[in-house]
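Remarks on the structure that follows.
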Amino acid sequence: MSERAFAPRETRDTRARIQEIALELFTEQGYEATSLREIAEALGVTKAALYYHFKTKEDIVAGMIIDRIAKLDVIIDELRAHDAVTPEVRRAAIVRYAEGAYEGRAITRFMERNPTAMKHHPVMLRMREKVIELSELLIDHDQPLTLRLKHGLALFAIHAVGFMLPDPKIDENEKYEASLKVALELIEATGS
């Protein structure tokens, strides 16, 4: 592999590529078993070039989670912009959330396979807070408890697909469609 330093104009693409390769290695080998040197080698760059973008493995993962938090903030802001969170608004929020989860499925898979890797990292705590905040906005607290639970479980349905349908023979798009369908059924539930 040839080693090179990154050109400044490539910084954004370079960071994304580092994250992509690191995530693959973390998922395949395990977070603890993967070193920055191995990531640099897989990228064909020097460790110093990698260090320019990310000082630690935690920084690599935290950057990806910060990107997810930013997408959650957009959904949360959109929900807060409405005078009332109607069924249509809830539906749109779930669709946006599912799209983000599908796009970020690699980081979700990493977290499933390496549950202790970033468990207490401040960025993970922020992520949890944002998901709770989103859940609170989706739930109509004037509704019966069972309906509130269904609305809250809509987010979980999107994440549960990895646990509930781990079979690699099932197409990722099919899993996404199934999880979205279940989430929408839960968020659109009415009555008790």
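So you can find residues: chains in the structure tokens are A, B, ... in the order shown, residues in each start at 1, and ligands are numbered from 1 in order.
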Determine, for each residue of range 15-40 of chain A having at least one atom at most 10 Å from an atom of range 62-86 of chain A, the closest pair of atoms and their separation in Å to one decimal, counting only C-alpha atoms; order by chain and ascending number, as CSV.
residue,atom,partner,partner_atom,distance
A:Arg15,CA,A:Gly63,CA,9.0
A:Ala16,CA,A:Met64,CA,8.7
A:Gln19,CA,A:Met64,CA,7.3
A:Glu20,CA,A:Met64,CA,9.4
A:Leu23,CA,A:Met64,CA,9.6
Give me the residues near Glu99 in chain A as a PDB file with C-alpha atoms, in the first residue's frame, where near means some atom within 12 Å (using only C-alpha atoms) and where sequence neighbours in that chain fewer than 2 positions away do not count.
ATOM      1  CA  ARG A  68     -26.345  11.265  14.029  1.00  0.00           C
ATOM      2  CA  LYS A  71     -29.800  14.673  12.283  1.00  0.00           C
ATOM      3  CA  LEU A  72     -31.841  14.030  15.417  1.00  0.00           C
ATOM      4  CA  ILE A  75     -36.158  16.169  13.540  1.00  0.00           C
ATOM      5  CA  ALA A  92     -43.157  12.354   9.060  1.00  0.00           C
ATOM      6  CA  ALA A  93     -40.814  12.353  12.067  1.00  0.00           C
ATOM      7  CA  ILE A  94     -40.747   8.539  12.171  1.00  0.00           C
ATOM      8  CA  VAL A  95     -40.001   8.356   8.446  1.00  0.00           C
ATOM      9  CA  ARG A  96     -37.126  10.846   8.836  1.00  0.00           C
ATOM     10  CA  TYR A  97     -35.810   8.969  11.857  1.00  0.00           C
ATOM     11  CA  ALA A 101     -31.177   5.007  11.095  1.00  0.00           C
ATOM     12  CA  TYR A 102     -30.945   3.217   7.748  1.00  0.00           C
ATOM     13  CA  GLU A 103     -28.195   5.550   6.547  1.00  0.00           C
ATOM     14  CA  GLY A 104     -26.362   5.080   9.847  1.00  0.00           C
ATOM     15  CA  ARG A 105     -26.929   1.344  10.129  1.00  0.00           C
ATOM     16  CA  LEU A 155     -38.555   4.320  17.693  1.00  0.00           C
ATOM     17  CA  ILE A 158     -36.632   0.841  13.960  1.00  0.00           C
ATOM     18  CA  HIS A 159     -33.668  -0.202  16.094  1.00  0.00           C
ATOM     19  CA  ASN A 173     -33.837  -2.905   2.327  1.00  0.00           C
ATOM     20  CA  TYR A 176     -35.694  -1.337   6.679  1.00  0.00           C
ATOM     21  CA  GLU A 177     -39.125  -1.536   5.050  1.00  0.00           C
ATOM     22  CA  SER A 179     -39.123  -1.878  10.584  1.00  0.00           C
ATOM     23  CA  LEU A 180     -40.606   1.280   9.103  1.00  0.00           C
TER      24      LEU A 180
END
Write out as a short mmCIF file (atom, residue, chain, number, x, y, z; two decimals) with N, CA and C atoms, in the first residue's frame all residues of range 41-81 of chain A that DSSP puts in helix (DSSP H, G or I) for this structure's backbone.
data_model
loop_
_atom_site.label_atom_id
_atom_site.label_comp_id
_atom_site.auth_asym_id
_atom_site.auth_seq_id
_atom_site.Cartn_x
_atom_site.Cartn_y
_atom_site.Cartn_z
N GLU A 41 -3.08 1.45 8.10
CA GLU A 41 -2.64 0.49 7.09
C GLU A 41 -3.77 0.16 6.11
N ALA A 42 -4.95 -0.03 6.62
CA ALA A 42 -6.09 -0.35 5.75
C ALA A 42 -6.41 0.81 4.81
N LEU A 43 -6.12 2.02 5.26
CA LEU A 43 -6.35 3.21 4.43
C LEU A 43 -5.19 3.48 3.48
N LYS A 47 0.38 6.60 10.03
CA LYS A 47 -0.35 6.80 11.29
C LYS A 47 -0.43 8.29 11.60
N ALA A 48 0.61 9.03 11.24
CA ALA A 48 0.62 10.48 11.46
C ALA A 48 -0.50 11.17 10.66
N ALA A 49 -0.70 10.71 9.43
CA ALA A 49 -1.77 11.29 8.60
C ALA A 49 -3.13 10.99 9.22
N LEU A 50 -3.31 9.80 9.74
CA LEU A 50 -4.56 9.44 10.42
C LEU A 50 -4.72 10.29 11.68
N TYR A 51 -3.64 10.46 12.42
CA TYR A 51 -3.65 11.20 13.68
C TYR A 51 -4.01 12.67 13.45
N TYR A 52 -3.71 13.19 12.27
CA TYR A 52 -4.08 14.57 11.92
C TYR A 52 -5.59 14.75 12.00
N HIS A 53 -6.34 13.73 11.62
CA HIS A 53 -7.81 13.81 11.59
C HIS A 53 -8.45 13.32 12.89
N LYS A 57 -9.32 6.28 18.73
CA LYS A 57 -10.45 5.52 18.18
C LYS A 57 -11.76 6.12 18.66
N GLU A 58 -11.78 6.59 19.90
CA GLU A 58 -12.98 7.20 20.44
C GLU A 58 -13.39 8.42 19.62
N ASP A 59 -12.40 9.19 19.16
CA ASP A 59 -12.70 10.37 18.34
C ASP A 59 -13.36 9.98 17.02
N ILE A 60 -12.92 8.86 16.47
CA ILE A 60 -13.50 8.39 15.20
C ILE A 60 -14.98 8.07 15.39
N VAL A 61 -15.28 7.27 16.41
CA VAL A 61 -16.66 6.88 16.67
C VAL A 61 -17.50 8.09 17.11
N ALA A 62 -16.94 8.92 17.97
CA ALA A 62 -17.67 10.10 18.45
C ALA A 62 -18.08 10.99 17.29
N GLY A 63 -17.23 11.13 16.29
CA GLY A 63 -17.56 11.95 15.12
C GLY A 63 -18.78 11.43 14.39
N MET A 64 -18.89 10.11 14.28
CA MET A 64 -20.05 9.52 13.61
C MET A 64 -21.32 9.72 14.44
N ILE A 65 -21.19 9.60 15.73
CA ILE A 65 -22.35 9.77 16.60
C ILE A 65 -22.79 11.23 16.62
N ILE A 66 -21.85 12.14 16.58
CA ILE A 66 -22.19 13.58 16.52
C ILE A 66 -22.98 13.87 15.24
N ASP A 67 -22.61 13.22 14.15
CA ASP A 67 -23.37 13.39 12.90
C ASP A 67 -24.81 12.90 13.08
N ARG A 68 -24.99 11.79 13.77
CA ARG A 68 -26.35 11.27 14.03
C ARG A 68 -27.13 12.22 14.94
N ILE A 69 -26.46 12.77 15.93
CA ILE A 69 -27.12 13.71 16.83
C ILE A 69 -27.61 14.93 16.06
N ALA A 70 -26.80 15.41 15.13
CA ALA A 70 -27.20 16.56 14.33
C ALA A 70 -28.48 16.26 13.54
N LYS A 71 -28.58 15.06 13.02
CA LYS A 71 -29.80 14.67 12.28
C LYS A 71 -31.00 14.57 13.22
N LEU A 72 -30.77 14.08 14.42
CA LEU A 72 -31.84 14.03 15.42
C LEU A 72 -32.30 15.44 15.79
N ASP A 73 -31.35 16.35 15.92
CA ASP A 73 -31.69 17.73 16.25
C ASP A 73 -32.61 18.35 15.20
N VAL A 74 -32.39 18.02 13.95
CA VAL A 74 -33.24 18.53 12.87
C VAL A 74 -34.68 18.03 13.06
N ILE A 75 -34.82 16.75 13.34
CA ILE A 75 -36.16 16.17 13.54
C ILE A 75 -36.82 16.79 14.77
N ILE A 76 -36.07 16.93 15.84
CA ILE A 76 -36.59 17.52 17.08
C ILE A 76 -37.02 18.96 16.83
N ASP A 77 -36.19 19.73 16.14
CA ASP A 77 -36.54 21.12 15.83
C ASP A 77 -37.80 21.20 14.98
N GLU A 78 -37.94 20.29 14.03
CA GLU A 78 -39.14 20.27 13.20
C GLU A 78 -40.38 19.97 14.02
N LEU A 79 -40.27 19.04 14.96
CA LEU A 79 -41.41 18.72 15.83
C LEU A 79 -41.76 19.91 16.72
N ARG A 80 -40.76 20.56 17.26
CA ARG A 80 -41.00 21.72 18.14
C ARG A 80 -41.59 22.91 17.37
#
